[in-house]
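Text of my_file-v3.txt (compact mmCIF, C-alpha atoms and all ligand atoms) as supplied:
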```txt
# COMPACT_ATOMS: atom_id res chain seq x y z
CA MET A 778 16.91 23.10 -4.47
CA ALA A 779 16.81 22.05 -8.10
CA SER A 780 13.75 20.94 -10.06
CA LEU A 781 13.82 17.32 -11.03
CA PRO A 782 11.71 15.42 -13.56
CA LEU A 783 9.94 12.59 -11.80
CA ALA A 784 9.88 9.02 -13.09
CA TYR A 785 6.28 7.89 -13.34
CA LEU A 786 3.89 5.33 -14.71
CA ASP A 787 1.07 6.72 -16.87
CA GLN A 788 -1.55 4.12 -17.64
CA GLY A 789 -5.13 4.07 -18.92
CA ASN A 790 -7.57 6.68 -20.18
CA GLY A 791 -10.24 8.83 -18.63
CA MET A 792 -10.29 11.01 -15.54
CA PRO A 793 -6.68 11.49 -14.36
CA VAL A 794 -5.88 10.08 -10.91
CA VAL A 795 -2.44 10.80 -9.44
CA LEU A 796 -1.34 8.66 -6.48
CA LEU A 797 1.68 9.54 -4.31
CA HIS A 798 3.49 6.76 -2.45
CA GLY A 799 4.61 6.78 1.19
CA PHE A 800 8.03 6.61 2.85
CA PRO A 801 10.45 4.95 2.20
CA LEU A 802 8.67 3.33 -0.72
CA ASP A 803 7.96 3.99 -4.38
CA ARG A 804 5.16 3.72 -6.95
CA ARG A 805 5.12 -0.08 -6.65
CA LEU A 806 3.00 0.59 -3.56
CA TRP A 807 0.10 0.98 -6.03
CA THR A 808 0.67 -2.31 -7.86
CA HIS A 809 -2.88 -3.55 -7.18
CA GLN A 810 -4.54 -0.21 -7.89
CA ARG A 811 -3.33 -0.45 -11.48
CA ALA A 812 -6.49 -2.48 -12.08
CA LEU A 813 -8.32 0.88 -11.92
CA GLY A 814 -6.39 1.86 -15.06
CA ALA A 815 -9.18 0.10 -16.99
CA ARG A 816 -11.45 3.07 -16.14
CA TYR A 817 -9.15 5.97 -15.28
CA ARG A 818 -5.86 7.50 -16.34
CA LEU A 819 -3.53 6.57 -13.50
CA VAL A 820 -0.37 8.60 -13.00
CA LEU A 821 1.95 7.05 -10.42
CA PRO A 822 5.13 9.09 -9.79
CA ASP A 823 8.23 8.15 -7.84
CA LEU A 824 8.96 11.09 -5.53
CA ARG A 825 12.55 12.38 -5.63
CA GLY A 826 15.01 9.94 -4.12
CA PHE A 827 12.65 6.97 -4.41
CA GLY A 828 12.09 4.32 -7.05
CA GLN A 829 13.50 5.48 -10.37
CA THR A 830 13.65 9.20 -9.54
CA PRO A 831 17.16 10.26 -8.49
CA VAL A 832 18.07 12.65 -5.68
CA ALA A 833 19.19 16.19 -6.49
CA PRO A 834 22.39 17.64 -5.01
CA GLY A 835 21.73 18.77 -1.44
CA ASP A 836 18.48 16.83 -1.03
CA GLU A 837 19.91 14.84 1.85
CA ALA A 838 19.81 18.00 4.00
CA GLY A 839 16.01 17.84 3.95
CA VAL A 840 13.32 17.96 1.25
CA PRO A 841 10.39 20.16 2.31
CA MET A 842 6.95 18.70 1.54
CA ASP A 843 6.41 21.79 -0.60
CA ARG A 844 9.41 20.81 -2.77
CA TYR A 845 7.83 17.42 -3.48
CA ALA A 846 4.56 19.28 -4.22
CA ARG A 847 6.33 21.50 -6.74
CA ASP A 848 7.74 18.40 -8.44
CA VAL A 849 4.19 17.04 -8.70
CA GLY A 850 2.95 20.36 -10.13
CA ASP A 851 5.76 20.30 -12.70
CA LEU A 852 4.77 16.75 -13.68
CA LEU A 853 1.14 17.85 -14.19
CA ASP A 854 2.43 20.67 -16.42
CA ASP A 855 4.60 18.26 -18.42
CA LEU A 856 1.65 15.92 -18.93
CA GLY A 857 -0.72 18.77 -19.76
CA LEU A 858 -3.04 17.83 -16.88
CA GLU A 859 -5.01 20.83 -15.70
CA ARG A 860 -7.06 19.12 -13.02
CA VAL A 861 -6.65 15.74 -11.35
CA VAL A 862 -7.88 13.56 -8.53
CA LEU A 863 -4.94 13.57 -6.12
CA GLY A 864 -4.25 10.82 -3.62
CA GLY A 865 -1.38 10.06 -1.29
CA LEU A 866 -0.45 7.58 1.40
CA SER A 867 1.19 8.77 4.61
CA MET A 868 4.14 10.92 3.42
CA GLY A 869 2.34 10.99 0.06
CA GLY A 870 -0.62 12.42 1.99
CA TYR A 871 1.61 15.11 3.52
CA VAL A 872 2.66 15.97 -0.04
CA ALA A 873 -0.96 15.91 -1.26
CA MET A 874 -1.83 18.43 1.47
CA ALA A 875 1.15 20.57 0.38
CA CYS A 876 -0.24 20.36 -3.19
CA TRP A 877 -3.60 21.58 -1.91
CA ARG A 878 -1.81 24.50 -0.24
CA ARG A 879 0.08 25.27 -3.47
CA PHE A 880 -2.43 24.63 -6.33
CA PRO A 881 -5.96 23.78 -5.04
CA GLU A 882 -7.50 24.81 -8.37
CA ARG A 883 -5.82 21.80 -10.03
CA ILE A 884 -7.33 19.26 -7.62
CA SER A 885 -10.85 17.98 -8.32
CA ALA A 886 -10.96 15.45 -5.48
CA MET A 887 -8.61 14.12 -2.78
CA VAL A 888 -7.90 10.67 -1.42
CA LEU A 889 -5.92 10.53 1.81
CA PHE A 890 -4.62 7.08 2.74
CA ASP A 891 -3.19 6.32 6.20
CA THR A 892 -1.87 9.81 6.83
CA LYS A 893 -1.90 12.62 9.35
CA SER A 894 -2.47 16.35 9.19
CA ALA A 895 -0.51 17.14 12.36
CA ALA A 896 3.20 17.92 12.38
CA ASP A 897 5.49 15.35 14.03
CA ALA A 898 5.02 14.64 17.72
CA PRO A 899 8.29 15.30 19.61
CA GLU A 900 9.21 11.59 19.91
CA THR A 901 8.59 10.99 16.20
CA ARG A 902 10.68 14.02 15.29
CA ALA A 903 13.49 12.82 17.58
CA ASN A 904 13.64 9.53 15.65
CA ARG A 905 13.99 11.16 12.22
CA GLU A 906 17.64 12.19 12.51
CA PRO A 907 18.88 8.75 13.67
CA MET A 908 16.99 7.21 10.75
CA ALA A 909 18.56 9.65 8.27
CA THR A 910 22.02 8.94 9.66
CA LYS A 911 21.48 5.18 9.62
CA ALA A 912 20.38 5.25 5.97
CA LEU A 913 23.41 7.36 5.01
CA THR A 914 25.96 5.33 6.94
CA GLU A 915 24.59 1.78 6.78
CA GLY A 916 22.47 1.86 3.62
CA ALA A 917 18.73 1.67 2.94
CA ALA A 918 18.51 -2.09 3.55
CA SER A 919 19.51 -1.52 7.17
CA LEU A 920 16.08 0.07 7.75
CA VAL A 921 13.98 -2.86 6.56
CA GLU A 922 13.76 -4.79 9.81
CA GLY A 923 12.86 -1.74 11.89
CA GLN A 924 10.23 -0.48 9.43
CA LEU A 925 8.24 -3.62 8.67
CA PRO A 926 6.41 -4.04 12.02
CA GLY A 927 4.89 -0.55 11.75
CA LEU A 928 3.90 -0.91 8.12
CA LEU A 929 2.21 -4.33 8.08
CA THR A 930 -0.05 -6.32 10.41
CA ARG A 931 1.38 -9.25 12.34
CA ARG A 932 -0.75 -11.49 10.19
CA THR A 933 0.68 -10.11 6.95
CA LEU A 934 4.19 -10.48 8.37
CA ALA A 935 3.53 -14.12 9.26
CA GLU A 936 1.37 -15.26 6.35
CA HIS A 937 2.12 -13.11 3.30
CA PRO A 938 5.81 -13.39 2.44
CA GLU A 939 5.13 -11.92 -1.01
CA VAL A 940 3.92 -8.65 0.56
CA VAL A 941 6.81 -8.64 3.03
CA SER A 942 9.36 -9.12 0.26
CA ALA A 943 7.74 -6.49 -1.99
CA VAL A 944 7.88 -3.90 0.81
CA SER A 945 11.40 -4.92 1.84
CA ARG A 946 12.60 -4.56 -1.74
CA MET A 947 11.14 -1.06 -2.08
CA ILE A 948 12.81 0.09 1.14
CA ALA A 949 16.17 -1.50 0.29
CA GLU A 950 16.17 0.01 -3.22
CA SER A 951 15.46 3.58 -2.04
CA ALA A 952 18.39 5.99 -2.28
CA PRO A 953 19.94 6.61 1.17
CA ARG A 954 20.16 10.34 0.40
CA GLY A 955 16.50 10.29 -0.61
CA ILE A 956 15.59 8.65 2.70
CA ALA A 957 17.66 11.20 4.64
CA GLY A 958 16.07 14.08 2.72
CA ALA A 959 12.55 12.79 3.32
CA SER A 960 13.16 12.08 7.03
CA ARG A 961 14.52 15.56 7.61
CA GLY A 962 11.79 17.12 5.45
CA MET A 963 9.03 15.33 7.36
CA ALA A 964 10.54 16.42 10.69
CA ALA A 965 10.28 20.05 9.56
CA ARG A 966 6.83 19.88 7.97
CA PRO A 967 4.15 22.28 9.15
CA ASP A 968 0.90 21.36 10.87
CA SER A 969 -1.65 21.00 8.07
CA THR A 970 -4.65 20.69 10.42
CA PRO A 971 -5.83 24.29 9.79
CA LEU A 972 -5.82 23.48 6.07
CA LEU A 973 -8.41 20.72 6.37
CA ALA A 974 -11.42 23.04 6.62
CA THR A 975 -10.38 24.62 3.31
CA ILE A 976 -10.48 21.33 1.35
CA ALA A 977 -13.53 22.16 -0.71
CA VAL A 978 -13.54 19.13 -3.02
CA PRO A 979 -14.89 15.60 -2.53
CA THR A 980 -12.50 13.78 -0.22
CA LEU A 981 -12.15 10.15 0.77
CA LEU A 982 -9.98 9.05 3.68
CA LEU A 983 -8.91 5.42 4.01
CA VAL A 984 -7.23 3.90 7.04
CA GLY A 985 -6.19 0.40 7.99
CA ALA A 986 -8.06 -0.69 11.12
CA GLU A 987 -4.70 -1.71 12.64
CA ASP A 988 -2.68 1.31 11.54
CA ALA A 989 -0.59 2.48 14.51
CA ILE A 990 1.37 5.11 12.53
CA SER A 991 -1.74 6.99 11.34
CA PRO A 992 -4.31 5.81 13.85
CA LEU A 993 -8.03 5.63 13.11
CA ALA A 994 -8.83 8.26 15.76
CA GLU A 995 -6.60 10.81 14.04
CA MET A 996 -8.01 10.04 10.61
CA ARG A 997 -11.57 10.25 11.96
CA ALA A 998 -10.77 13.71 13.33
CA MET A 999 -9.38 14.68 9.91
CA ALA A 1000 -12.53 13.41 8.18
CA GLU A 1001 -14.66 15.47 10.58
CA ALA A 1002 -12.60 18.59 9.79
CA ILE A 1003 -12.89 18.27 5.98
CA PRO A 1004 -16.34 19.39 4.80
CA GLY A 1005 -18.34 16.41 3.52
CA ALA A 1006 -15.41 13.97 3.68
CA ARG A 1007 -15.98 10.22 3.87
CA LEU A 1008 -13.89 7.77 5.93
CA ALA A 1009 -13.40 4.12 4.96
CA VAL A 1010 -11.89 1.80 7.57
CA ILE A 1011 -10.09 -1.13 5.95
CA PRO A 1012 -10.13 -4.32 8.05
CA GLY A 1013 -7.09 -6.60 8.20
CA ALA A 1014 -4.64 -3.87 7.28
CA ALA A 1015 -2.14 -1.69 9.11
CA HIS A 1016 -0.34 1.22 7.40
CA LEU A 1017 0.02 -0.11 3.85
CA THR A 1018 -3.65 -0.64 3.00
CA PRO A 1019 -3.14 -0.70 -0.82
CA LEU A 1020 -0.85 -3.74 -0.51
CA GLU A 1021 -2.44 -5.47 2.47
CA ALA A 1022 -6.10 -5.19 1.49
CA PRO A 1023 -6.15 -4.37 -2.23
CA GLU A 1024 -9.71 -5.53 -2.89
CA ALA A 1025 -11.24 -3.47 -0.08
CA VAL A 1026 -9.14 -0.46 -1.09
CA ASN A 1027 -10.07 -0.75 -4.76
CA GLN A 1028 -13.74 -1.12 -3.90
CA ALA A 1029 -13.73 2.02 -1.70
CA LEU A 1030 -11.58 3.96 -4.17
CA GLY A 1031 -13.52 2.80 -7.24
CA GLY A 1032 -16.85 3.71 -5.62
CA PHE A 1033 -15.54 7.15 -4.70
CA LEU A 1034 -14.01 7.86 -8.12
CA GLY A 1035 -17.22 6.76 -9.83
CA ALA A 1036 -19.04 9.66 -8.15
CA VAL A 1037 -16.39 12.36 -8.83
CA GLN A 1038 -16.98 14.96 -11.54
CA VAL A 1039 -13.82 16.51 -12.96
C1 LIG A 1101 5.04 6.85 5.51
O1 LIG A 1101 4.50 5.74 5.40
O2 LIG A 1101 5.11 7.63 4.55
C2 LIG A 1101 5.66 7.22 6.84
O3 LIG A 1101 5.18 6.38 7.85
C3 LIG A 1101 5.39 8.65 7.16
C4 LIG A 1101 6.03 9.08 8.44
O4 LIG A 1101 7.04 8.52 8.83
O5 LIG A 1101 5.50 10.04 9.06
```

I need this file expressed as structure tokens, please.
Ligand code: MLT
Amino acid sequence: MASLPLAYLDQGNGMPVVLLHGFPLDRRLWTHQRALGARYRLVLPDLRGFGQTPVAPGDEAGVPMDRYARDVGDLLDDLGLERVVLGGLSMGGYVAMACWRRFPERISAMVLFDTKSAADAPETRANREPMATKALTEGAASLVEGQLPGLLTRRTLAEHPEVVSAVSRMIAESAPRGIAGASRGMAARPDSTPLLATIAVPTLLLVGAEDAISPLAEMRAMAEAIPGARLAVIPGAAHLTPLEAPEAVNQALGGFLGAVQV
């Protein structure tokens, strides 16, 4: 599978913080975290097949999380970044864990948003292939309606049309082959739970109190398995905490980053 330069936003100065978006989204997930660019160098990539990064030939057959991690490593090389704070939401968290497996010496701290260390449960895995096929045959926009209820709280869906339309736009603008590749790649990803005890850098976990995709109980268990990790529970948010509760997320993230030494 070919290497691919990632599209990215690089903003601000100071300690580099790289944030990886979830599925099937892009770097616009971090729109509100760009305020942290006043104090840190924020690097926000689009993973392959999402946002402004194209898909490579064959990606639709399945992109392993390690392939996304290699793309991130190549981006760090291109930017001359030796060591970064690495964060990721959901699939971005799976990729962040793959980065830890691949180049832990380049990671000075980790931020895991609304994610899981376990491999797919059988029923989740069974849904991946129909989703890949639907994206390929009916287009990315056909996924919007089915995705929204898992990503956002009922309150956000009813009262925040600007968030609903921002998320819908990201999904609809993702490349169908990128969605298929990510779905199939996530279905095949390994269990990263044994990795957690090896995460020997400061780690913050954030989870929306109403997240049903990456439930609080699972994230609490992850926090207990990572030495010294902290868990922040974000009220009024489901899976997309950075968009649903930006102030609470920025406060938790800003407080954590303020204490990190590169
Ligand atoms: C995500 O937000 O990245 C997805 O919910 C991840 C998944 O489907 O496992």

request  = Would you list the residues near (3.7, 11.7, 16.3), meaning any protein, DNA or RNA residue with an atom at most 12 Å from that point in file coordinates, counting all atoms listed in the file, as a ChimeraX atom specification?
outcome  = /A:892-905,963-964,968,989-992,995

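Taking only C-alpha atoms, the non-local environment of Arg954 of chain A within 10 Å (same-chain residues fewer than 4 positions away omitted) comprises Arg825, Gly826, Phe827, Pro831, Val832, Ala833, Pro834, Gly835, Asp836, Glu837, Ala838, Gly839, Ala909, Thr910, Ala912, Leu913, Gly916, Ala917, Gly958, Ala959 and Ser960 of chain A.
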
Please produce a file of the residues just selected, as a short mmCIF file (atom, residue, chain, number, x, y, z; two decimals), keeping the file's coordinate frame, where the atoms kept are C-alpha atoms.
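Output (out.cif):
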```cif
data_model
loop_
_atom_site.label_atom_id
_atom_site.label_comp_id
_atom_site.auth_asym_id
_atom_site.auth_seq_id
_atom_site.Cartn_x
_atom_site.Cartn_y
_atom_site.Cartn_z
CA ARG A 825 12.55 12.38 -5.63
CA GLY A 826 15.01 9.94 -4.12
CA PHE A 827 12.65 6.97 -4.41
CA PRO A 831 17.16 10.26 -8.49
CA VAL A 832 18.07 12.65 -5.68
CA ALA A 833 19.19 16.19 -6.49
CA PRO A 834 22.39 17.64 -5.01
CA GLY A 835 21.73 18.77 -1.44
CA ASP A 836 18.48 16.83 -1.03
CA GLU A 837 19.91 14.84 1.85
CA ALA A 838 19.81 18.00 4.00
CA GLY A 839 16.01 17.84 3.95
CA ALA A 909 18.56 9.65 8.27
CA THR A 910 22.02 8.94 9.66
CA ALA A 912 20.38 5.25 5.97
CA LEU A 913 23.41 7.36 5.01
CA GLY A 916 22.47 1.86 3.62
CA ALA A 917 18.73 1.67 2.94
CA GLY A 958 16.07 14.08 2.72
CA ALA A 959 12.55 12.79 3.32
CA SER A 960 13.16 12.08 7.03
#
```

key: Neighbourhood of ligand LIG 1101 (chain A) at 7 Å, counting all atoms listed in the file, reported as a ChimeraX atom specification   = /A:799-801,866-869,963,990,1016

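When only C-alpha atoms are used to compute distances to Val849 of chain A, the closest of the residues A:Asp787, A:Leu824, A:Tyr871, A:Leu973 turns out to be A:Leu824.
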
ask   = Between A:Leu856, A:Leu1020, A:Val1037, A:Val861, which has the minimum distance to His809 of chain A (counting only C-alpha atoms)?
value =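 Under the stated criterion, the closest residue is A:Leu1020.
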
request  = Would you please work out which residue, of A:Ala846, A:Leu993, A:Val944, A:Ala1006, is nearest to Leu783 of chain A when using all atoms listed in the file?
outcome  = A:Ala846

key: Residue contacts of Gln1028 of chain A (12 Å, all atoms listed in the file) excluding same-chain residues fewer than 6 positions away, as an MDAnalysis selection string   = chainID A and resid 809:810 812:813 983 1009:1011 1019 1022 1034:1035

inquiry  = Using all atoms listed in the file for the distances, tell me which of A:Gly962, A:Leu920, A:Tyr817, A:Met792 is nearest to Gln1038 of chain A.
reply    =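 Using all atoms listed in the file, Gln1038 of chain A sits closest to A:Met792.
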
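The interatomic distance for the pair atom CA of Thr1018 of chain A and atom CA of Gly985 of chain A works out to 5.7 Å.
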
message = Taking all atoms listed in the file into account, name the residue in A:Ser780, A:Leu821, A:Leu797, A:Glu936 that is nearest to Ala873 of chain A.
response =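 Of A:Ser780, A:Leu821, A:Leu797, A:Glu936, the one nearest Ala873 of chain A, counting all atoms listed in the file, is A:Leu797.
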
request  = Name the residues in contact with Val921 of chain A at a cut-off of 7 Å, using all atoms listed in the file, excluding same-chain residues fewer than 4 positions from it; report them as a list in words.
outcome  = Leu925, Ser945, Ile948 and Ala949 of chain A

Need a file for segment 1005-1017 of chain A from that block: N, CA, C and O atoms, written as a compact mmCIF listing (two decimals), in the first residue's frame.
```
# COMPACT_ATOMS: atom_id res chain seq x y z
N GLY A 1005 -0.85 6.07 35.68
CA GLY A 1005 -0.95 7.51 35.98
C GLY A 1005 -1.92 8.28 35.10
O GLY A 1005 -1.96 9.51 35.18
N ALA A 1006 -2.71 7.61 34.27
CA ALA A 1006 -3.60 8.34 33.35
C ALA A 1006 -4.73 9.04 34.09
O ALA A 1006 -5.15 8.60 35.16
N ARG A 1007 -5.19 10.12 33.48
CA ARG A 1007 -6.34 10.87 34.04
C ARG A 1007 -7.53 10.73 33.11
O ARG A 1007 -7.36 10.69 31.88
N LEU A 1008 -8.73 10.69 33.68
CA LEU A 1008 -9.96 10.59 32.87
C LEU A 1008 -10.82 11.81 33.12
O LEU A 1008 -11.08 12.16 34.28
N ALA A 1009 -11.24 12.48 32.04
CA ALA A 1009 -12.16 13.61 32.16
C ALA A 1009 -13.48 13.21 31.51
O ALA A 1009 -13.50 12.79 30.34
N VAL A 1010 -14.57 13.31 32.26
CA VAL A 1010 -15.90 13.00 31.73
C VAL A 1010 -16.55 14.31 31.34
O VAL A 1010 -16.62 15.25 32.14
N ILE A 1011 -16.98 14.40 30.08
CA ILE A 1011 -17.50 15.66 29.54
C ILE A 1011 -19.03 15.60 29.53
O ILE A 1011 -19.62 14.84 28.74
N PRO A 1012 -19.69 16.41 30.37
CA PRO A 1012 -21.15 16.37 30.40
C PRO A 1012 -21.76 16.95 29.13
O PRO A 1012 -21.14 17.77 28.45
N GLY A 1013 -22.96 16.49 28.79
CA GLY A 1013 -23.70 17.07 27.66
C GLY A 1013 -23.13 16.70 26.31
O GLY A 1013 -23.42 17.37 25.32
N ALA A 1014 -22.33 15.66 26.26
CA ALA A 1014 -21.74 15.26 24.98
C ALA A 1014 -21.85 13.75 24.81
O ALA A 1014 -21.86 13.00 25.79
N ALA A 1015 -21.94 13.33 23.54
CA ALA A 1015 -21.92 11.91 23.22
C ALA A 1015 -20.52 11.58 22.70
O ALA A 1015 -19.54 11.71 23.43
N HIS A 1016 -20.43 11.21 21.39
CA HIS A 1016 -19.16 10.70 20.86
C HIS A 1016 -18.25 11.82 20.37
O HIS A 1016 -17.04 11.67 20.40
N LEU A 1017 -18.84 12.93 19.93
CA LEU A 1017 -18.01 13.99 19.32
C LEU A 1017 -17.80 15.14 20.32
O LEU A 1017 -18.21 16.28 20.08
```
